[in-house]
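S.K.: Below are the structure tokens for one structure; questions will follow.
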Protein chains: 2
Amino acid sequence: MTTEDNILQHARAIFFRKGLAGARMQEIADYAGINKAMLHYYFKTKEQLFEKVFGQAFEVFAGKLAEIFSGDVNLEEMITAYVNHTVDSLTENPGIPVFVMNELSYNPARITQLFAGEEKINLGNFKELVEKKTQGKTDAEALFIDMVALCVYPFVIAPVFTKLLHKTDQQYKHLLQSRKVHVINQILSRL
Amino acid sequence: MTTEDNILQHARAIFFRKGLAGARMQEIADYAGINKAMLHYYFKTKEQLFEKVFGQAFEVFAGKLAEIFSGDVNLEEMITAYVNHTVDSLTENPGIPVFVMNELSYNPARITQLFAGEEKINLGNFKELVEKKTQGKTDAEALFIDMVALCVYPFVIAPVFTKLLHKTDQQYKHLLQSRKVHVINQILSRL
DNA sequence: GTCTATATCGGGATAGAC
DNA sequence: GTCTATCCCGATATAGAC
């Protein structure tokens with residue numbers, strides 16, 4: 001692994017947890033097993049290092065998402081693919097949603113950077129399929145919002161729900177997985 | 001209004017948007033129309049000022065929530081009350097969820113502070129009502145998670161969805177309101 | 001209680017040796 | 001490319017006059 005990748009990997013871990021303002025270059029250097037000067041050698045400033053991490057954060061989701069929603073498959077397959085992909089991605093990177101939302105709260109202008117990587121996502125296809133399938137009886141937009149909410153929110157609220165529902169971390173992780181089929185069923189039942 | 005309340009009000013606005021690490025005492029002082037020294041006179045340190053704001057953040061929700069879920073009403077009324085209260089509260093304070101989640105990400109230990117104010121929330125009553133009503137056919141826990149997700153997530157993701165769905169801020173605000181009846185219908189339809 | 005002025009320090013960034 | 005030493009600014013916090 002290159003030094004640059006090593007830095008990015010550990011910078012990601014720190015930035016995801018503490019955000020731009022809360023992260024310390026010293027801490028990133030320590031975790032990466034190098035010194036501060038090296039960070040500035042590879043990524044001129046903290047800001048630039050952050051931008052790299054932020055820009056990459058959504059690429060995990062975005063590329064595959066565009067593929068899923070533009071694919072030439074039927075609606076059931078599309079929904080199943082979305083839910084499975086989202087839950088799997090979040091299982092690997094549960095910190096991303098809060099990280100992104102928090103940074104957008106601090107700096108709303110950065111939303112352009114977010115859409116630069118995913119502006120290819122077009123819901124037109126999804127909407128059409130829903131309208132056709134339900135003969136206009138189901139609001140496709142509301143269905144989309146609900147689907148995303150049901151997938152993502154349980155990851156966002158994890159620490160609170162773990163405690164509120166009196167679960168161990170392991171039990172809650174299992175619950176998140178079991179929700180895949182649950183969410184798919186809920187959404188499909190509305191078609 | 002007392003000076004203390006004036007400080008808290010503006011500190012809340014800054015902390016909600018920028019978090020503990022990103023907020024600046026100078027900025028809070030400016031917005032409050034006083035100087036930095038006054039902040040330290042009323043709240044010894046930045047940390048203590050933040051704790052006050054953080055501790056109060058969930059009280060808006062918590063008190064009423066405990067009341068809703070322990071109330072001696074039927075299930076339909078309980079669900080309706082929860083959704084309306086949550087959406088109304090979030091409309092007034094849309095920044096709270098991201099603020100709380102971000103701080104928990106930075107400092108997981110603070111979750112105890114969160115539950116100190118809302119440990120009275122008991123879902124036992126809700127679960128019982130659901131089990132009875134559906135003769136055990138509906139998972140009450142999943143129903144609860146879904147209900148919260150459908151209410152809260154659209155507020156959390158607001159800036160992204162506004163852009164992704166090509167809406168104006170005003171249109172999205174309207175959509176959030178119209179979701180009250182939508183969410184209630186969705187949840188009730190599963191009983 | 002409210003202000004101005006200042007102490008103190010943490011942390012981003014750079015210089016320069018190797 | 002990698003390190004040590006250091007600069008320097010910004011931000012919290014305090015001292016002390018009024």
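Residue numbering restarts at 1 in every chain; chains get A, B, ... in the order shown in the structure tokens, and ligands count up from 1 in that same order.
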For the contact check between chain A and chain B, emit one row per residue of chain A within 6 Å, containing the shortest atom pair and the distance in Å rounded to one decimal, counting only C-alpha atoms, chain then rising number order, as CSV.

M.R.:
```
residue,atom,partner,partner_atom,distance
A:Arg17,CA,B:Ser105,CA,5.5
A:Lys18,CA,B:Tyr106,CA,4.9
A:Ala21,CA,B:Gly22,CA,5.1
A:Gly22,CA,B:Ala21,CA,5.0
A:Ser105,CA,B:Arg17,CA,5.5
A:Tyr106,CA,B:Lys18,CA,4.9
A:Ala149,CA,B:Tyr153,CA,5.5
A:Leu150,CA,B:Ala149,CA,5.8
A:Tyr153,CA,B:Ala149,CA,5.5
```

S.K.: Using only C-alpha atoms (C1' of nucleotides), I'd like every residue of chain C that has an atom within 10 Å of chain A; please write them out as a short mmCIF file (atom, residue, chain, number, x, y, z; two decimals) with all heavy atoms, in the first residue's frame.

M.R.:
```
data_model
loop_
_atom_site.label_atom_id
_atom_site.label_comp_id
_atom_site.auth_asym_id
_atom_site.auth_seq_id
_atom_site.Cartn_x
_atom_site.Cartn_y
_atom_site.Cartn_z
P DG C 11 -4.90 20.24 20.10
OP1 DG C 11 -6.25 19.68 20.13
OP2 DG C 11 -3.74 19.44 20.53
"O5'" DG C 11 -4.62 20.80 18.65
"C5'" DG C 11 -5.42 21.85 18.14
"C4'" DG C 11 -4.79 22.38 16.87
"O4'" DG C 11 -3.71 23.27 17.19
"C3'" DG C 11 -4.19 21.29 15.98
"O3'" DG C 11 -4.50 21.59 14.65
"C2'" DG C 11 -2.70 21.42 16.23
"C1'" DG C 11 -2.59 22.93 16.40
N9 DG C 11 -1.39 23.38 17.07
C8 DG C 11 -0.70 22.74 18.07
N7 DG C 11 0.36 23.40 18.47
C5 DG C 11 0.36 24.55 17.69
C6 DG C 11 1.27 25.64 17.66
O6 DG C 11 2.27 25.82 18.35
N1 DG C 11 0.90 26.60 16.71
C2 DG C 11 -0.20 26.51 15.89
N2 DG C 11 -0.40 27.52 15.04
N3 DG C 11 -1.05 25.48 15.90
C4 DG C 11 -0.71 24.55 16.82
P DG C 12 -4.56 20.52 13.48
OP1 DG C 12 -5.94 20.06 13.37
OP2 DG C 12 -3.47 19.53 13.68
"O5'" DG C 12 -4.20 21.42 12.21
"C5'" DG C 12 -4.97 22.59 12.00
"C4'" DG C 12 -4.16 23.59 11.21
"O4'" DG C 12 -3.05 24.07 12.00
"C3'" DG C 12 -3.57 23.06 9.92
"O3'" DG C 12 -3.67 24.07 8.92
"C2'" DG C 12 -2.10 22.78 10.28
"C1'" DG C 12 -1.83 23.85 11.32
N9 DG C 12 -0.85 23.47 12.34
C8 DG C 12 -0.85 22.34 13.12
N7 DG C 12 0.15 22.28 13.96
C5 DG C 12 0.86 23.45 13.71
C6 DG C 12 2.05 23.94 14.31
O6 DG C 12 2.73 23.42 15.21
N1 DG C 12 2.44 25.16 13.77
C2 DG C 12 1.75 25.83 12.78
N2 DG C 12 2.28 26.99 12.37
N3 DG C 12 0.65 25.38 12.21
C4 DG C 12 0.26 24.19 12.72
P DA C 13 -3.30 23.68 7.40
OP1 DA C 13 -4.08 24.54 6.49
OP2 DA C 13 -3.33 22.21 7.27
"O5'" DA C 13 -1.78 24.16 7.34
"C5'" DA C 13 -1.51 25.56 7.56
"C4'" DA C 13 -0.01 25.78 7.62
"O4'" DA C 13 0.53 25.19 8.83
"C3'" DA C 13 0.79 25.19 6.46
"O3'" DA C 13 1.41 26.25 5.75
"C2'" DA C 13 1.82 24.27 7.13
"C1'" DA C 13 1.85 24.79 8.55
N9 DA C 13 2.22 23.79 9.56
C8 DA C 13 1.57 22.60 9.82
N7 DA C 13 2.13 21.90 10.78
C5 DA C 13 3.21 22.67 11.18
C6 DA C 13 4.19 22.48 12.16
N6 DA C 13 4.25 21.41 12.94
N1 DA C 13 5.13 23.46 12.30
C2 DA C 13 5.07 24.53 11.51
N3 DA C 13 4.19 24.82 10.55
C4 DA C 13 3.27 23.84 10.44
P DT C 14 2.29 25.90 4.44
OP1 DT C 14 2.04 27.00 3.49
OP2 DT C 14 2.08 24.50 4.05
"O5'" DT C 14 3.77 26.07 5.01
"C5'" DT C 14 4.06 27.22 5.80
"C4'" DT C 14 5.50 27.16 6.28
"O4'" DT C 14 5.62 26.19 7.36
"C3'" DT C 14 6.53 26.75 5.22
"O3'" DT C 14 7.61 27.66 5.30
"C2'" DT C 14 6.93 25.34 5.64
"C1'" DT C 14 6.79 25.43 7.15
N1 DT C 14 6.60 24.14 7.85
C2 DT C 14 7.44 23.81 8.89
O2 DT C 14 8.35 24.53 9.27
N3 DT C 14 7.18 22.59 9.48
C4 DT C 14 6.18 21.71 9.14
O4 DT C 14 6.04 20.65 9.74
C5 DT C 14 5.32 22.11 8.04
C7 DT C 14 4.22 21.23 7.60
C6 DT C 14 5.58 23.29 7.45
#
```

S.K.: Return the neighbours of chain D among the residues of chain A, cut-off 12 Å, counting only C-alpha atoms (C1' of nucleotides), as number ranges by chain.

M.R.: A: 2-4, 33-42

S.K.: For all heavy atoms, I'd like the residues from the last selection saved as a short mmCIF file (atom, residue, chain, number, x, y, z; two decimals), in the first residue's frame.

M.R.:
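Final file, again.cif:
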```cif
data_model
loop_
_atom_site.label_atom_id
_atom_site.label_comp_id
_atom_site.auth_asym_id
_atom_site.auth_seq_id
_atom_site.Cartn_x
_atom_site.Cartn_y
_atom_site.Cartn_z
N THR A 2 0.52 2.21 -0.82
CA THR A 2 1.30 3.45 -0.88
C THR A 2 1.09 4.28 0.38
O THR A 2 0.09 4.12 1.08
CB THR A 2 0.88 4.29 -2.10
OG1 THR A 2 -0.43 4.81 -1.87
CG2 THR A 2 0.90 3.47 -3.37
N THR A 3 2.04 5.19 0.62
CA THR A 3 1.92 6.08 1.79
C THR A 3 0.65 6.91 1.69
O THR A 3 -0.05 7.13 2.68
CB THR A 3 3.14 7.01 1.88
OG1 THR A 3 4.32 6.21 1.92
CG2 THR A 3 3.08 7.86 3.13
N GLU A 4 0.35 7.36 0.48
CA GLU A 4 -0.84 8.19 0.28
C GLU A 4 -2.12 7.44 0.67
O GLU A 4 -2.98 7.99 1.36
CB GLU A 4 -0.91 8.62 -1.20
CG GLU A 4 -2.02 9.61 -1.46
CD GLU A 4 -1.89 10.25 -2.84
OE1 GLU A 4 -0.74 10.39 -3.33
OE2 GLU A 4 -2.91 10.61 -3.42
N GLY A 33 1.00 6.17 11.55
CA GLY A 33 2.38 5.77 11.85
C GLY A 33 3.42 6.65 11.18
O GLY A 33 4.53 6.21 10.89
N ILE A 34 3.07 7.90 10.94
CA ILE A 34 4.01 8.86 10.35
C ILE A 34 3.95 10.16 11.16
O ILE A 34 3.33 10.20 12.22
CB ILE A 34 3.66 9.16 8.88
CG1 ILE A 34 2.23 9.65 8.78
CG2 ILE A 34 3.86 7.91 8.04
CD1 ILE A 34 1.82 10.05 7.39
N ASN A 35 4.57 11.22 10.66
CA ASN A 35 4.49 12.48 11.39
C ASN A 35 3.73 13.55 10.59
O ASN A 35 3.49 13.39 9.40
CB ASN A 35 5.89 12.97 11.75
CG ASN A 35 6.73 13.18 10.52
OD1 ASN A 35 6.42 14.04 9.68
ND2 ASN A 35 7.77 12.39 10.39
N LYS A 36 3.38 14.59 11.28
CA LYS A 36 2.55 15.64 10.68
C LYS A 36 3.11 16.17 9.36
O LYS A 36 2.35 16.43 8.42
CB LYS A 36 2.39 16.81 11.66
CG LYS A 36 1.32 16.62 12.69
CD LYS A 36 1.00 17.95 13.38
CE LYS A 36 2.19 18.47 14.18
NZ LYS A 36 1.90 19.78 14.81
N ALA A 37 4.41 16.36 9.31
CA ALA A 37 5.01 16.96 8.10
C ALA A 37 4.67 16.15 6.86
O ALA A 37 4.46 16.71 5.78
CB ALA A 37 6.52 17.06 8.28
N MET A 38 4.59 14.83 7.05
CA MET A 38 4.27 13.97 5.91
C MET A 38 2.87 14.22 5.38
O MET A 38 2.62 14.17 4.16
CB MET A 38 4.40 12.51 6.32
CG MET A 38 5.83 12.05 6.48
SD MET A 38 6.73 12.19 4.93
CE MET A 38 5.99 10.84 4.02
N LEU A 39 1.94 14.49 6.27
CA LEU A 39 0.58 14.78 5.84
C LEU A 39 0.58 15.99 4.91
O LEU A 39 -0.07 15.99 3.87
CB LEU A 39 -0.32 15.07 7.06
CG LEU A 39 -0.54 13.94 8.05
CD1 LEU A 39 -1.48 14.39 9.16
CD2 LEU A 39 -1.10 12.72 7.36
N HIS A 40 1.34 17.00 5.31
CA HIS A 40 1.39 18.22 4.50
C HIS A 40 2.18 18.03 3.21
O HIS A 40 1.99 18.75 2.24
CB HIS A 40 1.96 19.38 5.32
CG HIS A 40 1.03 19.87 6.38
ND1 HIS A 40 1.09 19.42 7.67
CD2 HIS A 40 -0.01 20.73 6.33
CE1 HIS A 40 0.14 20.01 8.39
NE2 HIS A 40 -0.54 20.80 7.60
N TYR A 41 3.07 17.05 3.23
CA TYR A 41 3.83 16.75 2.01
C TYR A 41 2.90 16.14 0.96
O TYR A 41 2.94 16.52 -0.21
CB TYR A 41 4.98 15.80 2.33
CG TYR A 41 5.78 15.40 1.11
CD1 TYR A 41 6.74 16.25 0.57
CD2 TYR A 41 5.55 14.18 0.49
CE1 TYR A 41 7.47 15.90 -0.55
CE2 TYR A 41 6.27 13.82 -0.63
CZ TYR A 41 7.23 14.67 -1.16
OH TYR A 41 7.94 14.31 -2.27
N TYR A 42 2.02 15.24 1.41
CA TYR A 42 1.13 14.57 0.45
C TYR A 42 -0.15 15.36 0.16
O TYR A 42 -0.64 15.36 -0.96
CB TYR A 42 0.76 13.17 0.96
CG TYR A 42 1.84 12.16 0.74
CD1 TYR A 42 2.80 11.88 1.72
CD2 TYR A 42 1.96 11.50 -0.48
CE1 TYR A 42 3.81 10.96 1.50
CE2 TYR A 42 2.96 10.58 -0.70
CZ TYR A 42 3.89 10.33 0.29
OH TYR A 42 4.88 9.42 0.06
#
```

S.K.: Enumerate as a PyMOL selection string all residues of segment 9-159 of chain A assigned to helix (DSSP H, G or I) by DSSP on the backbone, naming them with the chain letters and numbers the document uses.

M.R.: chain A and resi 9-22+25-32+36-42+46-57+59-70+75-92+96-106+108-116+124-134+140-156+158-159

S.K.: May I have the selected residues written with C-alpha atoms, as a compact mmCIF listing (two decimals), in the first residue's frame?

M.R.:
```txt
# COMPACT_ATOMS: atom_id res chain seq x y z
CA GLN A 9 -7.36 5.29 5.11
CA HIS A 10 -6.59 6.61 8.57
CA ALA A 11 -7.70 10.16 7.77
CA ARG A 12 -11.05 8.70 6.74
CA ALA A 13 -11.42 6.93 10.08
CA ILE A 14 -10.71 10.12 12.04
CA PHE A 15 -12.73 12.48 9.83
CA PHE A 16 -15.73 10.14 9.80
CA ARG A 17 -15.79 10.11 13.57
CA LYS A 18 -14.85 13.71 14.38
CA GLY A 19 -15.53 15.79 11.30
CA LEU A 20 -13.29 18.44 9.78
CA ALA A 21 -13.20 20.77 12.78
CA GLY A 22 -12.83 18.03 15.39
CA MET A 25 -3.65 16.30 12.07
CA GLN A 26 -1.48 14.93 14.88
CA GLU A 27 -3.97 12.14 15.57
CA ILE A 28 -4.20 11.20 11.89
CA ALA A 29 -0.40 11.10 11.70
CA ASP A 30 -0.19 8.93 14.81
CA TYR A 31 -2.70 6.40 13.51
CA ALA A 32 -0.97 6.33 10.12
CA LYS A 36 2.55 15.64 10.68
CA ALA A 37 5.01 16.96 8.10
CA MET A 38 4.27 13.97 5.91
CA LEU A 39 0.58 14.78 5.84
CA HIS A 40 1.39 18.22 4.50
CA TYR A 41 3.83 16.75 2.01
CA TYR A 42 1.13 14.57 0.45
CA LYS A 46 -5.90 19.77 6.27
CA GLU A 47 -8.70 21.20 4.15
CA GLN A 48 -7.39 19.48 1.02
CA LEU A 49 -6.99 16.17 2.80
CA PHE A 50 -10.54 16.48 4.04
CA GLU A 51 -11.89 17.30 0.60
CA LYS A 52 -10.33 14.16 -0.78
CA VAL A 53 -11.94 12.07 1.95
CA PHE A 54 -15.30 13.82 1.59
CA GLY A 55 -15.30 13.49 -2.16
CA GLN A 56 -14.62 9.78 -1.95
CA ALA A 57 -17.18 9.17 0.77
CA GLU A 59 -18.46 7.32 -4.44
CA VAL A 60 -19.00 4.00 -2.68
CA PHE A 61 -22.73 4.49 -3.03
CA ALA A 62 -23.11 6.77 -6.02
CA GLY A 63 -21.60 4.70 -8.79
CA LYS A 64 -23.62 1.62 -8.01
CA LEU A 65 -26.77 3.68 -7.39
CA ALA A 66 -26.72 5.21 -10.85
CA GLU A 67 -26.35 1.72 -12.22
CA ILE A 68 -29.24 0.35 -10.20
CA PHE A 69 -31.73 3.07 -11.10
CA SER A 70 -30.86 3.19 -14.76
CA LEU A 75 -39.25 -2.72 -10.57
CA GLU A 76 -39.03 -5.53 -8.04
CA GLU A 77 -35.45 -6.26 -8.99
CA MET A 78 -34.57 -2.58 -8.85
CA ILE A 79 -35.96 -2.16 -5.34
CA THR A 80 -34.33 -5.34 -4.13
CA ALA A 81 -31.00 -4.28 -5.55
CA TYR A 82 -31.22 -0.83 -3.98
CA VAL A 83 -32.04 -2.08 -0.50
CA ASN A 84 -29.41 -4.79 -0.52
CA HIS A 85 -26.72 -2.50 -1.85
CA THR A 86 -27.52 0.30 0.59
CA VAL A 87 -27.64 -1.90 3.67
CA ASP A 88 -24.47 -3.74 2.65
CA SER A 89 -22.59 -0.50 1.99
CA LEU A 90 -23.74 1.02 5.28
CA THR A 91 -22.75 -2.11 7.15
CA GLU A 92 -19.22 -1.56 5.93
CA ILE A 96 -20.82 7.97 6.37
CA PRO A 97 -24.36 9.38 6.63
CA VAL A 98 -23.75 11.33 9.82
CA PHE A 99 -20.35 12.43 8.54
CA VAL A 100 -21.82 13.82 5.33
CA MET A 101 -24.89 15.38 6.95
CA ASN A 102 -22.81 17.03 9.61
CA GLU A 103 -20.41 18.54 7.12
CA LEU A 104 -23.33 19.82 5.06
CA SER A 105 -24.72 21.39 8.21
CA TYR A 106 -21.44 23.19 8.86
CA PRO A 108 -23.93 23.82 3.04
CA ALA A 109 -21.99 24.89 -0.04
CA ARG A 110 -20.24 21.55 -0.13
CA ILE A 111 -23.40 19.91 -1.42
CA THR A 112 -22.22 20.75 -4.94
CA GLN A 113 -19.17 18.56 -4.36
CA LEU A 114 -21.55 15.78 -3.37
CA PHE A 115 -23.62 15.98 -6.52
CA ALA A 116 -20.61 16.30 -8.76
CA GLY A 124 -37.10 9.22 -13.85
CA ASN A 125 -36.86 5.56 -14.72
CA PHE A 126 -37.90 4.49 -11.21
CA LYS A 127 -40.85 6.89 -11.20
CA GLU A 128 -42.06 5.67 -14.57
CA LEU A 129 -41.96 2.04 -13.51
CA VAL A 130 -43.90 2.78 -10.33
CA GLU A 131 -46.56 4.87 -12.10
CA LYS A 132 -47.03 2.20 -14.71
CA LYS A 133 -47.14 -0.69 -12.27
CA THR A 134 -49.66 0.97 -9.95
CA ALA A 140 -43.40 7.25 -6.60
CA GLU A 141 -41.57 10.08 -4.88
CA ALA A 142 -42.98 9.22 -1.46
CA LEU A 143 -42.17 5.58 -2.08
CA PHE A 144 -38.58 6.48 -2.85
CA ILE A 145 -38.22 8.67 0.23
CA ASP A 146 -39.70 5.96 2.44
CA MET A 147 -37.44 3.30 0.97
CA VAL A 148 -34.31 5.35 1.63
CA ALA A 149 -35.47 6.33 5.12
CA LEU A 150 -36.19 2.73 6.12
CA CYS A 151 -32.77 1.65 4.89
CA VAL A 152 -30.55 4.43 6.18
CA TYR A 153 -32.06 5.81 9.36
CA PRO A 154 -31.54 2.73 11.52
CA PHE A 155 -27.80 3.12 10.86
CA VAL A 156 -27.84 6.83 11.67
CA ALA A 158 -27.82 3.11 15.91
CA PRO A 159 -26.34 4.11 19.28
```

S.K.: Please, what distance in Å, to one decimal, runs between atom CA of His166 of chain A and atom CA of Lys120 of chain B?

M.R.: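 About the pair atom CA of His166 of chain A and atom CA of Lys120 of chain B: they are 13.6 Å apart.
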
S.K.: Would you compute the distance between atom CA of Leu191 of chain B and atom CA of Gln135 of chain B? Give it in Å to one decimal.

M.R.: 9.6 Å
